[in-house]
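Engineer: File model_23.txt follows (compact mmCIF, C-alpha atoms):
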```txt
# COMPACT_ATOMS: atom_id res chain seq x y z
CA MET A 1 -29.77 17.98 -41.82
CA ARG A 2 -31.88 14.95 -41.12
CA GLU A 3 -30.70 12.57 -38.43
CA GLU A 4 -30.24 9.66 -40.85
CA GLY A 5 -28.03 11.73 -43.15
CA ARG A 6 -26.02 13.00 -40.21
CA MET A 7 -25.38 9.43 -39.01
CA LEU A 8 -24.41 8.33 -42.52
CA LEU A 9 -21.97 11.18 -42.76
CA LEU A 10 -20.60 10.39 -39.30
CA GLY A 11 -20.12 6.74 -40.25
CA VAL A 12 -18.27 7.60 -43.45
CA SER A 13 -16.15 10.20 -41.63
CA LEU A 14 -15.23 7.77 -38.87
CA VAL A 15 -14.25 5.09 -41.37
CA ALA A 16 -12.14 7.66 -43.23
CA PHE A 17 -10.59 8.81 -39.96
CA GLN A 18 -9.76 5.22 -39.04
CA ALA A 19 -8.31 4.50 -42.45
CA VAL A 20 -6.37 7.70 -43.06
CA LEU A 21 -5.72 9.59 -39.85
CA SER A 22 -5.45 6.85 -37.23
CA PRO A 23 -2.16 5.39 -38.54
CA ALA A 24 -0.70 8.92 -38.73
CA LEU A 25 -1.94 9.97 -35.32
CA SER A 26 -0.92 6.77 -33.51
CA ILE A 27 1.81 7.00 -30.89
CA GLN A 28 4.05 4.03 -31.43
CA ASN A 29 3.75 1.31 -28.76
CA LEU A 30 1.71 3.67 -26.59
CA ALA A 31 -1.71 4.44 -28.05
CA TYR A 32 -3.75 4.03 -31.22
CA PRO A 33 -6.74 6.29 -31.86
CA SER A 34 -9.85 4.38 -32.84
CA PRO A 35 -12.90 6.65 -32.51
CA LEU A 36 -15.17 4.29 -34.50
CA VAL A 37 -16.98 3.51 -31.28
CA LEU A 38 -18.50 7.02 -31.42
CA PHE A 39 -20.93 5.81 -34.09
CA TRP A 40 -22.52 3.22 -31.78
CA LEU A 41 -22.51 5.75 -28.95
CA VAL A 42 -24.40 8.57 -30.69
CA LEU A 43 -26.99 6.57 -32.65
CA PRO A 44 -30.29 8.15 -31.60
CA PHE A 45 -32.14 6.37 -28.77
CA ALA A 46 -35.43 7.22 -30.45
CA TRP A 47 -34.86 5.06 -33.49
CA ASN A 48 -36.90 1.90 -33.93
CA PRO A 49 -34.96 -0.78 -32.02
CA VAL A 50 -34.87 -3.17 -34.97
CA ILE A 51 -33.70 -0.47 -37.37
CA GLY A 52 -31.18 0.77 -34.82
CA THR A 53 -29.82 -2.77 -34.29
CA LEU A 54 -29.54 -3.36 -38.03
CA VAL A 55 -27.71 -0.07 -38.51
CA ALA A 56 -25.34 -0.93 -35.63
CA ILE A 57 -24.67 -4.36 -37.13
CA GLY A 58 -24.25 -2.86 -40.61
CA PHE A 59 -21.66 -0.39 -39.40
CA GLY A 60 -19.83 -3.25 -37.64
CA VAL A 61 -19.82 -5.33 -40.82
CA VAL A 62 -18.45 -2.43 -42.91
CA THR A 63 -15.64 -1.78 -40.41
CA ASP A 64 -14.90 -5.50 -40.24
CA LEU A 65 -14.55 -5.64 -44.00
CA LEU A 66 -12.20 -2.67 -44.02
CA PHE A 67 -10.17 -3.20 -40.85
CA PRO A 68 -8.99 -6.68 -39.93
CA PRO A 69 -9.30 -8.92 -37.97
CA GLY A 70 -12.76 -9.65 -39.36
CA GLY A 71 -15.59 -10.03 -36.89
CA LEU A 72 -13.97 -8.30 -33.97
CA GLN A 73 -15.24 -4.76 -34.71
CA THR A 74 -18.84 -6.01 -34.81
CA PHE A 75 -18.36 -8.11 -31.71
CA CYS A 76 -16.96 -5.25 -29.59
CA GLY A 77 -19.15 -2.55 -31.12
CA LEU A 78 -22.34 -4.45 -30.43
CA TRP A 79 -21.40 -4.72 -26.75
CA VAL A 80 -21.20 -0.91 -26.71
CA TRP A 81 -24.52 -0.80 -28.52
CA ILE A 82 -26.32 -3.11 -26.08
CA LEU A 83 -24.91 -1.46 -22.94
CA ARG A 84 -25.16 2.21 -23.86
CA LYS A 85 -28.80 2.61 -22.74
CA SER A 86 -28.03 1.00 -19.39
CA VAL A 87 -25.11 3.37 -18.87
CA TYR A 88 -27.29 6.35 -19.79
CA GLN A 89 -29.96 5.19 -17.32
CA LEU A 90 -27.34 4.73 -14.64
CA LEU A 91 -26.19 8.32 -15.14
CA HIS A 92 -29.77 9.65 -15.23
CA PRO A 93 -31.73 7.60 -12.69
CA ASN A 94 -34.96 9.59 -12.79
CA LEU A 95 -35.85 9.16 -16.43
CA PRO A 96 -39.52 8.74 -17.44
CA THR A 97 -40.66 5.49 -19.02
CA ASP A 98 -40.59 6.84 -22.60
CA TRP A 99 -37.24 8.54 -22.13
CA GLU A 100 -35.79 7.06 -25.30
CA LEU A 101 -38.11 9.21 -27.40
CA MET A 102 -37.33 12.33 -25.44
CA VAL A 103 -33.54 12.37 -25.20
CA SER A 104 -30.62 11.82 -27.52
CA PRO A 105 -26.91 11.26 -26.89
CA ARG A 106 -26.40 14.49 -28.74
CA ASP A 107 -28.16 16.34 -25.92
CA LEU A 108 -25.40 15.44 -23.50
CA SER A 109 -23.21 18.15 -22.03
CA SER A 110 -19.45 17.84 -22.31
CA THR A 111 -19.23 16.36 -18.81
CA GLY A 112 -22.22 14.15 -19.43
CA PHE A 113 -20.66 12.90 -22.63
CA PHE A 114 -17.47 12.06 -20.75
CA ALA A 115 -19.39 10.10 -18.10
CA TYR A 116 -21.43 8.34 -20.77
CA ALA A 117 -18.87 7.67 -23.47
CA PHE A 118 -15.59 7.11 -21.69
CA PRO A 119 -16.52 3.91 -19.76
CA LEU A 120 -17.96 2.41 -22.93
CA THR A 121 -14.93 3.41 -24.98
CA LEU A 122 -12.66 1.93 -22.32
CA MET A 123 -14.69 -1.29 -22.29
CA HIS A 124 -14.56 -1.43 -26.09
CA HIS A 125 -10.77 -1.07 -26.13
CA LEU A 126 -10.24 -3.49 -23.25
CA LEU A 127 -12.19 -6.04 -25.27
CA TYR A 128 -10.86 -5.24 -28.70
CA ILE A 129 -7.11 -4.85 -28.18
CA PRO A 130 -6.36 -8.00 -26.09
CA LEU A 131 -8.57 -10.05 -28.41
CA ALA A 132 -6.90 -8.65 -31.54
CA ALA A 133 -3.45 -9.28 -30.06
CA TRP A 134 -4.68 -12.60 -28.61
CA ARG A 135 -2.62 -11.95 -25.53
CA LEU A 136 -3.45 -10.73 -22.04
CA SER A 137 -0.66 -8.97 -20.21
CA GLY A 138 -0.06 -5.78 -18.25
CA GLU A 139 1.54 -4.27 -21.29
CA ILE A 140 -1.48 -4.98 -23.49
CA LEU A 141 -3.91 -3.70 -20.86
CA ALA A 142 -1.90 -0.50 -20.47
CA TYR A 143 -1.89 -0.09 -24.25
CA ALA A 144 -5.65 -0.64 -24.33
CA GLY A 145 -6.22 1.88 -21.52
CA LEU A 146 -4.05 4.56 -23.12
CA SER A 147 -5.63 3.93 -26.52
CA ALA A 148 -9.06 4.30 -24.93
CA ILE A 149 -8.06 7.69 -23.50
CA TYR A 150 -6.58 8.78 -26.81
CA SER A 151 -9.58 7.56 -28.81
CA PHE A 152 -11.96 9.22 -26.40
CA MET A 153 -10.10 12.48 -26.87
CA TRP A 154 -10.83 12.33 -30.61
CA GLU A 155 -14.40 11.25 -30.02
CA TRP A 156 -14.85 14.21 -27.74
CA ILE A 157 -13.42 16.59 -30.34
CA ILE A 158 -15.68 15.21 -33.05
CA PHE A 159 -18.66 15.27 -30.69
CA GLU A 160 -18.04 18.87 -29.66
CA LEU A 161 -17.35 20.11 -33.18
CA SER A 162 -20.10 18.47 -35.10
CA LEU A 163 -22.53 16.41 -33.03
CA ARG A 164 -23.49 18.09 -29.79
CA LYS A 165 -26.67 20.11 -30.05
CA ARG A 166 -26.12 23.78 -29.50
CA HIS A 167 -28.72 24.05 -26.75
CA ALA A 168 -27.07 21.34 -24.64
CA GLN A 169 -25.47 22.45 -21.39
CA VAL A 170 -21.68 22.72 -21.35
CA MET B 1 -48.08 -18.65 -34.88
CA GLY B 2 -45.88 -17.74 -37.84
CA LEU B 3 -46.19 -14.08 -36.92
CA ILE B 4 -44.90 -14.78 -33.40
CA TRP B 5 -41.89 -16.57 -34.85
CA LEU B 6 -41.27 -13.70 -37.24
CA ARG B 7 -41.48 -11.21 -34.38
CA MET B 8 -39.05 -13.28 -32.31
CA LEU B 9 -36.73 -13.48 -35.29
CA VAL B 10 -36.61 -9.73 -35.87
CA HIS B 11 -36.48 -8.88 -32.17
CA PRO B 12 -33.47 -6.61 -31.52
CA LEU B 13 -32.05 -9.05 -28.96
CA THR B 14 -32.30 -11.98 -31.39
CA LEU B 15 -30.60 -9.91 -34.07
CA TRP B 16 -27.95 -8.82 -31.61
CA LEU B 17 -27.25 -12.41 -30.48
CA PHE B 18 -27.17 -13.67 -34.06
CA ALA B 19 -24.76 -10.92 -35.13
CA GLN B 20 -22.53 -11.51 -32.10
CA GLY B 21 -22.41 -15.24 -32.77
CA LEU B 22 -21.60 -14.68 -36.42
CA ALA B 23 -18.92 -12.07 -35.64
CA LEU B 24 -17.29 -14.30 -33.07
CA TYR B 25 -17.43 -17.25 -35.45
CA PHE B 26 -15.72 -15.26 -38.19
CA TYR B 27 -13.12 -13.90 -35.84
CA LEU B 28 -12.26 -17.27 -34.28
CA ASN B 29 -12.25 -19.11 -37.60
CA PHE B 30 -10.54 -16.71 -39.94
CA SER B 31 -7.87 -15.10 -37.77
CA PRO B 32 -4.74 -17.25 -37.48
CA LEU B 33 -3.97 -16.80 -33.76
CA PRO B 34 -7.47 -17.45 -32.40
CA ARG B 35 -7.99 -20.28 -34.85
CA SER B 36 -4.91 -22.16 -33.69
CA ALA B 37 -5.85 -21.47 -30.05
CA VAL B 38 -9.39 -22.71 -30.60
CA GLU B 39 -8.09 -25.82 -32.33
CA ARG B 40 -5.76 -26.42 -29.38
CA TRP B 41 -8.62 -25.96 -26.91
CA LEU B 42 -10.88 -28.26 -28.87
CA THR B 43 -8.17 -30.92 -28.97
CA GLU B 44 -7.66 -30.56 -25.22
CA LEU B 45 -11.42 -30.68 -24.67
CA ARG B 46 -11.75 -33.82 -26.79
CA ARG B 47 -8.81 -35.42 -24.94
CA SER B 48 -10.33 -34.58 -21.54
CA PHE B 49 -13.71 -35.87 -22.64
CA HIS B 50 -12.30 -39.16 -23.88
CA GLN B 51 -10.21 -39.46 -20.72
CA ALA B 52 -13.30 -38.90 -18.55
CA VAL B 53 -15.33 -41.41 -20.56
CA SER B 54 -12.48 -43.88 -20.33
CA TRP B 55 -12.25 -43.36 -16.56
CA VAL B 56 -16.01 -43.83 -16.10
CA THR B 57 -16.19 -46.94 -18.28
CA ALA B 58 -13.01 -48.52 -16.88
CA PRO B 59 -14.81 -50.89 -14.44
CA TRP B 60 -17.06 -52.21 -17.22
CA ARG B 61 -14.12 -52.69 -19.55
CA ALA B 62 -12.19 -54.42 -16.78
CA LEU B 63 -15.17 -56.69 -16.16
CA GLN B 64 -15.37 -57.45 -19.86
CA ARG B 65 -11.65 -58.22 -19.88
CA VAL B 66 -12.12 -60.57 -16.92
CA ARG B 67 -14.87 -62.37 -18.87
CA GLU B 68 -12.59 -62.64 -21.90
CA LEU B 69 -9.78 -63.96 -19.75
CA GLU B 70 -12.11 -66.47 -18.17
CA VAL B 71 -13.04 -67.74 -21.60
CA LEU B 72 -9.38 -67.77 -22.64
CA THR B 73 -8.40 -69.65 -19.47
CA ALA B 74 -11.10 -72.22 -20.11
CA GLN B 75 -9.86 -72.64 -23.68
CA LEU B 76 -6.27 -72.99 -22.52
CA GLN B 77 -7.27 -75.55 -19.92
CA GLN B 78 -9.13 -77.41 -22.62
CA GLN B 79 -6.09 -77.34 -24.92
CA LEU B 80 -3.86 -78.39 -22.05
CA SER B 81 -6.07 -81.33 -21.25
CA LEU B 82 -5.93 -82.38 -24.91
CA ARG B 83 -2.18 -82.04 -24.94
CA LEU B 84 -1.90 -84.35 -21.96
CA ASP B 85 -4.17 -86.77 -23.74
CA THR B 86 -6.59 -86.92 -20.85
CA PRO B 87 -10.37 -86.86 -21.28
CA LEU B 88 -10.85 -84.15 -18.66
CA SER B 89 -14.34 -83.06 -17.81
CA SER B 90 -13.13 -80.59 -15.20
CA PRO B 91 -10.46 -77.91 -14.90
CA ILE B 92 -6.94 -79.01 -14.10
CA PRO B 93 -5.58 -77.64 -10.80
CA ILE B 94 -2.86 -75.83 -12.74
CA GLY B 95 -1.52 -74.10 -9.66
CA SER B 96 -0.54 -77.40 -8.10
CA ILE B 97 1.50 -78.64 -11.06
CA GLY B 98 5.18 -77.75 -11.21
CA ASP B 99 6.17 -80.01 -14.09
CA PHE B 100 3.50 -80.91 -16.62
CA SER B 101 5.49 -83.57 -18.40
CA ALA B 102 5.09 -86.14 -15.62
CA ILE B 103 1.30 -86.07 -15.43
CA ALA B 104 0.59 -87.15 -18.97
CA GLY B 105 -2.34 -89.52 -19.00
CA TYR B 106 -3.49 -88.73 -15.47
CA ARG B 107 -7.05 -87.60 -14.87
CA PHE B 108 -8.26 -85.22 -12.20
CA LEU B 109 -11.54 -86.04 -10.51
CA PRO B 110 -13.02 -83.07 -8.64
CA ALA B 111 -14.36 -83.75 -5.16
CA LYS B 112 -15.60 -81.71 -2.23
CA VAL B 113 -14.46 -81.84 1.37
CA VAL B 114 -17.47 -82.69 3.53
CA TYR B 115 -15.66 -82.24 6.82
CA ARG B 116 -12.14 -82.41 8.22
CA THR B 117 -10.30 -82.67 11.50
CA PHE B 118 -7.90 -80.09 12.79
CA PHE B 119 -6.56 -80.98 16.18
CA LEU B 120 -5.59 -84.63 15.87
CA ARG B 121 -2.21 -86.21 15.23
CA GLU B 122 -3.94 -88.14 12.46
CA ASN B 123 -5.84 -85.44 10.57
CA TYR B 124 -8.15 -86.51 7.76
CA ALA B 125 -10.98 -85.22 5.61
CA LEU B 126 -14.16 -86.83 4.30
CA LEU B 127 -14.63 -86.42 0.54
CA ASP B 128 -17.96 -86.70 -1.30
CA LYS B 129 -16.67 -89.11 -3.97
CA GLY B 130 -16.09 -92.82 -3.48
CA GLY B 131 -15.69 -96.18 -5.18
CA ARG B 132 -18.62 -95.54 -7.51
CA GLU B 133 -16.58 -92.78 -9.17
CA GLY B 134 -13.53 -95.01 -9.41
CA LEU B 135 -11.71 -94.01 -6.24
CA TYR B 136 -9.69 -96.50 -4.21
CA PRO B 137 -7.14 -96.27 -1.39
CA GLY B 138 -3.70 -95.05 -2.37
CA LEU B 139 -4.70 -92.30 -4.78
CA GLY B 140 -3.15 -88.87 -4.40
CA VAL B 141 -5.24 -85.74 -3.79
CA LEU B 142 -4.44 -82.17 -4.81
CA SER B 143 -5.90 -78.85 -3.90
CA GLU B 144 -5.87 -75.98 -6.41
CA ARG B 145 -2.49 -74.94 -5.05
CA GLY B 146 -0.65 -78.11 -4.15
CA VAL B 147 -0.60 -81.66 -2.82
CA ILE B 148 -2.93 -82.10 0.13
CA GLY B 149 -3.33 -85.78 0.98
CA ILE B 150 -3.88 -89.43 0.09
CA ILE B 151 -7.06 -91.49 -0.18
CA ALA B 152 -6.96 -93.94 2.71
CA GLU B 153 -10.39 -95.57 2.71
CA THR B 154 -13.38 -95.53 0.40
CA THR B 155 -17.05 -96.45 0.51
CA ALA B 156 -19.30 -96.41 -2.54
CA THR B 157 -20.02 -92.70 -2.17
CA THR B 158 -17.39 -91.23 0.15
CA SER B 159 -13.68 -91.40 0.84
CA ILE B 160 -11.42 -90.73 3.78
CA MET B 161 -8.40 -88.70 2.79
CA TYR B 162 -5.39 -88.64 5.07
CA ALA B 163 -3.95 -85.18 5.12
CA LEU B 164 -0.30 -84.35 4.71
CA PHE B 165 -0.74 -83.34 8.33
CA HIS B 166 -1.15 -86.93 9.50
CA LYS B 167 1.63 -88.50 11.50
CA ASP B 168 1.78 -91.58 9.25
CA VAL B 169 1.77 -89.79 5.90
CA HIS B 170 5.20 -89.43 4.32
CA LEU B 171 5.83 -88.31 0.76
CA SER B 172 8.87 -88.76 -1.35
CA ALA B 173 9.81 -85.19 -2.25
CA MET B 174 12.49 -83.42 -4.19
CA LEU B 175 14.17 -80.05 -4.37
CA PRO B 176 13.92 -79.39 -8.12
CA ARG B 177 16.72 -76.81 -8.08
CA HIS B 178 19.23 -79.46 -6.90
CA ASN B 179 17.34 -82.56 -8.05
CA MET B 180 17.84 -83.79 -4.47
CA LEU B 181 15.42 -86.19 -2.78
CA GLY B 182 13.95 -86.13 0.71
CA ILE B 183 10.98 -87.42 2.68
CA THR B 184 8.23 -85.34 4.23
CA SER B 185 6.84 -85.90 7.68
CA TRP B 186 4.49 -84.10 10.01
CA GLN B 187 5.16 -84.07 13.66
CA ALA B 188 4.49 -80.55 14.75
CA ALA B 189 1.13 -79.45 15.96
CA THR B 190 1.17 -76.61 13.43
CA LEU B 191 -0.97 -77.17 10.32
CA ASN B 192 0.33 -76.18 6.88
CA ARG B 193 3.91 -76.98 8.01
CA LEU B 194 5.92 -80.11 7.14
CA ASN B 195 9.42 -81.36 7.75
CA LEU B 196 11.65 -82.43 4.89
CA ASP B 197 14.16 -85.00 6.07
CA TYR B 198 17.17 -86.76 4.59
CA VAL B 199 18.45 -83.90 2.47
CA PRO B 200 22.25 -84.16 2.70
CA LEU B 201 24.22 -81.40 4.37
CA TYR B 202 26.24 -80.65 1.25
CA THR B 203 23.10 -79.42 -0.56
CA GLN B 204 22.98 -75.61 -0.59
CA VAL B 205 19.32 -75.21 0.28
CA GLU B 206 17.92 -71.69 0.37
CA PRO B 207 14.74 -70.43 2.03
CA GLY B 208 11.95 -69.98 -0.53
CA GLU B 209 12.98 -72.94 -2.70
CA GLU B 210 10.16 -75.05 -4.08
CA VAL B 211 9.57 -78.65 -3.02
CA TRP B 212 7.87 -81.01 -5.47
CA THR B 213 6.83 -84.63 -5.41
CA ALA B 214 9.64 -86.95 -6.47
CA SER B 215 9.69 -89.46 -9.30
CA ASN B 216 10.23 -92.42 -6.98
CA SER B 217 6.87 -91.86 -5.28
CA LEU B 218 4.39 -94.72 -5.71
CA ILE B 219 1.41 -92.43 -5.21
CA PHE B 220 2.13 -89.16 -6.96
CA PRO B 221 3.80 -88.49 -10.29
CA ALA B 222 6.85 -86.25 -10.15
CA GLY B 223 6.58 -82.49 -10.32
CA LEU B 224 3.53 -81.72 -8.21
CA ARG B 225 4.03 -78.80 -5.89
CA ILE B 226 4.10 -79.45 -2.14
CA GLY B 227 5.47 -76.26 -0.59
CA ARG B 228 8.35 -73.87 -0.08
CA VAL B 229 11.36 -74.11 2.18
CA GLU B 230 10.76 -71.96 5.21
CA THR B 231 13.66 -72.65 7.60
CA ILE B 232 16.82 -74.77 7.32
CA ARG B 233 18.63 -76.22 10.31
CA SER B 234 21.70 -78.38 9.88
CA ASP B 235 21.70 -81.52 12.04
CA PHE B 236 25.39 -82.45 12.11
CA THR B 237 24.81 -85.51 14.32
CA ARG B 238 22.75 -87.11 11.52
CA GLY B 239 24.44 -85.53 8.51
CA PHE B 240 21.20 -84.13 7.10
CA HIS B 241 19.41 -80.81 6.97
CA ALA B 242 16.32 -80.44 9.12
CA ILE B 243 14.15 -78.42 6.72
CA GLU B 244 10.77 -76.97 7.53
CA LEU B 245 8.29 -76.34 4.68
CA SER B 246 5.20 -74.25 4.44
CA THR B 247 2.72 -76.09 2.26
CA TYR B 248 0.93 -74.50 -0.66
CA ALA B 249 -2.28 -76.22 0.32
CA ASP B 250 -4.10 -74.47 3.14
CA TRP B 251 -5.76 -77.21 5.16
CA GLY B 252 -8.33 -74.94 6.80
CA ARG B 253 -9.51 -73.29 3.62
CA THR B 254 -9.56 -76.10 1.10
CA TRP B 255 -13.04 -77.22 0.05
CA ASP B 256 -12.49 -78.29 -3.55
CA VAL B 257 -9.93 -81.01 -4.22
CA PHE B 258 -8.87 -83.13 -7.18
CA VAL B 259 -8.25 -86.83 -6.90
CA LEU B 260 -5.45 -87.94 -9.18
CA LEU B 261 -6.46 -91.00 -11.23
CA PRO B 262 -3.53 -92.72 -12.90
CA PRO B 263 -3.66 -93.86 -16.53
CA SER B 264 -5.64 -97.06 -16.82
```
Rewrite the structure from the file as structure tokens, please.
Structural biologist:
Amino acid sequence: MREEGRMLLLGVSLVAFQAVLSPALSIQNLAYPSPLVLFWLVLPFAWNPVIGTLVAIGFGVVTDLLFPPGGLQTFCGLWVWILRKSVYQLLHPNLPTDWELMVSPRDLSSTGFFAYAFPLTLMHHLLYIPLAAWRLSGEILAYAGLSAIYSFMWEWIIFELSLRKRHAQV
Amino acid sequence: MGLIWLRMLVHPLTLWLFAQGLALYFYLNFSPLPRSAVERWLTELRRSFHQAVSWVTAPWRALQRVRELEVLTAQLQQQLSLRLDTPLSSPIPIGSIGDFSAIAGYRFLPAKVVYRTFFLRENYALLDKGGREGLYPGLGVLSERGVIGIIAETTATTSIMYALFHKDVHLSAMLPRHNMLGITSWQAATLNRLNLDYVPLYTQVEPGEEVWTASNSLIFPAGLRIGRVETIRSDFTRGFHAIELSTYADWGRTWDVFVLLPPS
């Protein structure tokens, strides 16, 4: 399957997951699974930056239209989008100059995916949930942290089942 | 040039910033909680800004207010002079007048103190106005705050004013609260202090009471302010109070005076 088709399918699946499964899988007052952030995380590094940015914005707009409050999904998702390359570089300090064309998030091992995706998922949730609740308290932060762990668990499952390249190290 | 702008416009960072701004705008404007919070912040910001501007501009506004009050004071003085039916060309020494009704028709001629004595028993001052301006011996003189002396001698261009602090100057005075008469005298070596004699013992005089010129004075009209009662001592051998006044007029600091010209 071509990369573009795979990303389209991933986007649709994630939106469906968020719309259908997330409410059912949520643990009341403890955690809410929101693996949408996976889309911004696994967009190929090799894509043209302008195209990649437009796709990232487009996905944010679609999720904003479907899941209120409007604007917040794009806002938080684009932070993940802008920081993901820096996090990848931090985890792999000896990358060549044209590394973006050579590697993909899908090449990451399970451990590598955890190191790459979890901090960004946590950041996304720590931004999204207090802003959506418009309240900053220990309770909200704990909810955001637990939700990040829960969401990451689903991201990891999806990544392992359908995204990770077979040749990647475990 | 246009190509550079187009490149800047479609630069990923520009697109990212634009999308972030738009997303934040939508979120803050169309979600009820953030919208009310933003409105509250903006109101607070506007209030702080106006408060800061008000604080910074306060001295200028105060100065402007002073100017307005100066104009208002001048207008009031003008109206007051008209009310008293006196063709005044100078400000009235309002501070020296206790009762305006008695000075109807009087005119106030401003003069300057050229020099004065301090350490004599017969203190006097030289004024820069004389007979040419209509002055003659026996006219009363006021400072801005109260009665200060009497014209004793005049030349064409100057006058000698005997101060209240002259051993031979006595004024007929009254305590307006009791309508009780007395006579001032100066015997002490201390300037700005007078004695008020012949106030009967049965008068309940209190420290701080005002002392004005009396209506039976041949020099001053009634109701001009002389001073305040400072100390009261009862002299039972004579049957009168021995009252000490502090004068409103400060002999050492008075440079501008007003000669009181009676109605012609």
Engineer: Enumerate as a CSV table (one decimal) with C-alpha atoms, in the coordinates of the input the residues belonging to chain A that approach chain B to within 10 Å, with only C-alpha atoms taken into account.
Structural biologist:
```csv
chain,number,residue,atom,x,y,z
A,48,ASN,CA,-36.9,1.9,-33.9
A,49,PRO,CA,-35.0,-0.8,-32.0
A,50,VAL,CA,-34.9,-3.2,-35.0
A,51,ILE,CA,-33.7,-0.5,-37.4
A,52,GLY,CA,-31.2,0.8,-34.8
A,53,THR,CA,-29.8,-2.8,-34.3
A,54,LEU,CA,-29.5,-3.4,-38.0
A,56,ALA,CA,-25.3,-0.9,-35.6
A,57,ILE,CA,-24.7,-4.4,-37.1
A,58,GLY,CA,-24.2,-2.9,-40.6
A,60,GLY,CA,-19.8,-3.2,-37.6
A,61,VAL,CA,-19.8,-5.3,-40.8
A,64,ASP,CA,-14.9,-5.5,-40.2
A,68,PRO,CA,-9.0,-6.7,-39.9
A,69,PRO,CA,-9.3,-8.9,-38.0
A,70,GLY,CA,-12.8,-9.6,-39.4
A,71,GLY,CA,-15.6,-10.0,-36.9
A,72,LEU,CA,-14.0,-8.3,-34.0
A,73,GLN,CA,-15.2,-4.8,-34.7
A,74,THR,CA,-18.8,-6.0,-34.8
A,75,PHE,CA,-18.4,-8.1,-31.7
A,76,CYS,CA,-17.0,-5.2,-29.6
A,77,GLY,CA,-19.2,-2.6,-31.1
A,78,LEU,CA,-22.3,-4.4,-30.4
A,79,TRP,CA,-21.4,-4.7,-26.8
A,81,TRP,CA,-24.5,-0.8,-28.5
A,82,ILE,CA,-26.3,-3.1,-26.1
A,131,LEU,CA,-8.6,-10.0,-28.4
A,132,ALA,CA,-6.9,-8.6,-31.5
A,133,ALA,CA,-3.4,-9.3,-30.1
A,134,TRP,CA,-4.7,-12.6,-28.6
A,135,ARG,CA,-2.6,-12.0,-25.5
```
Engineer: Please measure the separation of atom CA of A:Tyr116 and atom CA of A:Val87, giving the value in Å to one decimal.
Structural biologist: 6.5 Å
Engineer: Taking every listed atom of stretch 131-147 of chain A and adding 6 Å to each side, what centre and edge lengths in Å (one decimal) does the axis-aligned box have, as JSON?
Structural biologist:
```
{"center_x": -3.5, "center_y": -4.0, "center_z": -24.9, "size_x": 22.1, "size_y": 29.2, "size_z": 25.3}
```
Engineer: Counting all atoms listed in the file, find the residues whose atoms lie at most 10 Å from (-8.1, -4.8, -26.7) (file coordinates) and write them out as a VMD selection string.
Structural biologist: chain A and resid 72 76 122 to 136 140 to 145 147 to 148
Engineer: Grab the residues selected above and save them as a PDB file, in the frame of the given file with C-alpha atoms.
Structural biologist:
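Written output follows (selection_37.pdb):
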```pdb
ATOM      1  CA  LEU A  72     -13.970  -8.300 -33.970  1.00  0.00           C
ATOM      2  CA  CYS A  76     -16.960  -5.250 -29.590  1.00  0.00           C
ATOM      3  CA  LEU A 122     -12.660   1.930 -22.320  1.00  0.00           C
ATOM      4  CA  MET A 123     -14.690  -1.290 -22.290  1.00  0.00           C
ATOM      5  CA  HIS A 124     -14.560  -1.430 -26.090  1.00  0.00           C
ATOM      6  CA  HIS A 125     -10.770  -1.070 -26.130  1.00  0.00           C
ATOM      7  CA  LEU A 126     -10.240  -3.490 -23.250  1.00  0.00           C
ATOM      8  CA  LEU A 127     -12.190  -6.040 -25.270  1.00  0.00           C
ATOM      9  CA  TYR A 128     -10.860  -5.240 -28.700  1.00  0.00           C
ATOM     10  CA  ILE A 129      -7.110  -4.850 -28.180  1.00  0.00           C
ATOM     11  CA  PRO A 130      -6.360  -8.000 -26.090  1.00  0.00           C
ATOM     12  CA  LEU A 131      -8.570 -10.050 -28.410  1.00  0.00           C
ATOM     13  CA  ALA A 132      -6.900  -8.650 -31.540  1.00  0.00           C
ATOM     14  CA  ALA A 133      -3.450  -9.280 -30.060  1.00  0.00           C
ATOM     15  CA  TRP A 134      -4.680 -12.600 -28.610  1.00  0.00           C
ATOM     16  CA  ARG A 135      -2.620 -11.950 -25.530  1.00  0.00           C
ATOM     17  CA  LEU A 136      -3.450 -10.730 -22.040  1.00  0.00           C
ATOM     18  CA  ILE A 140      -1.480  -4.980 -23.490  1.00  0.00           C
ATOM     19  CA  LEU A 141      -3.910  -3.700 -20.860  1.00  0.00           C
ATOM     20  CA  ALA A 142      -1.900  -0.500 -20.470  1.00  0.00           C
ATOM     21  CA  TYR A 143      -1.890  -0.090 -24.250  1.00  0.00           C
ATOM     22  CA  ALA A 144      -5.650  -0.640 -24.330  1.00  0.00           C
ATOM     23  CA  GLY A 145      -6.220   1.880 -21.520  1.00  0.00           C
ATOM     24  CA  SER A 147      -5.630   3.930 -26.520  1.00  0.00           C
ATOM     25  CA  ALA A 148      -9.060   4.300 -24.930  1.00  0.00           C
TER      26      ALA A 148
END
```
Engineer: Which residue out of B:Ala152, B:Leu260, B:Leu245, B:Val56 has the minimum interatomic distance to B:Ser185 when only C-alpha atoms are used?
Structural biologist: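 Looking at the shortest contact to B:Ser185, the residue is B:Leu245.
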Engineer: Report, in Å with one decimal, the straight-line distance from atom CA of B:Gly182 to atom CA of B:Ile151.
Structural biologist: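 Computing the Euclidean distance for atom CA of B:Gly182 and atom CA of B:Ile151 yields 21.7 Å.
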Engineer: Using all atoms listed in the file - which residues lie no farther than 9 Å from the point (-14.5, -93.9, -7.7) in the file's frame? Write them as a ChimeraX atom specification.
Structural biologist: /B:109,129-136,154-159
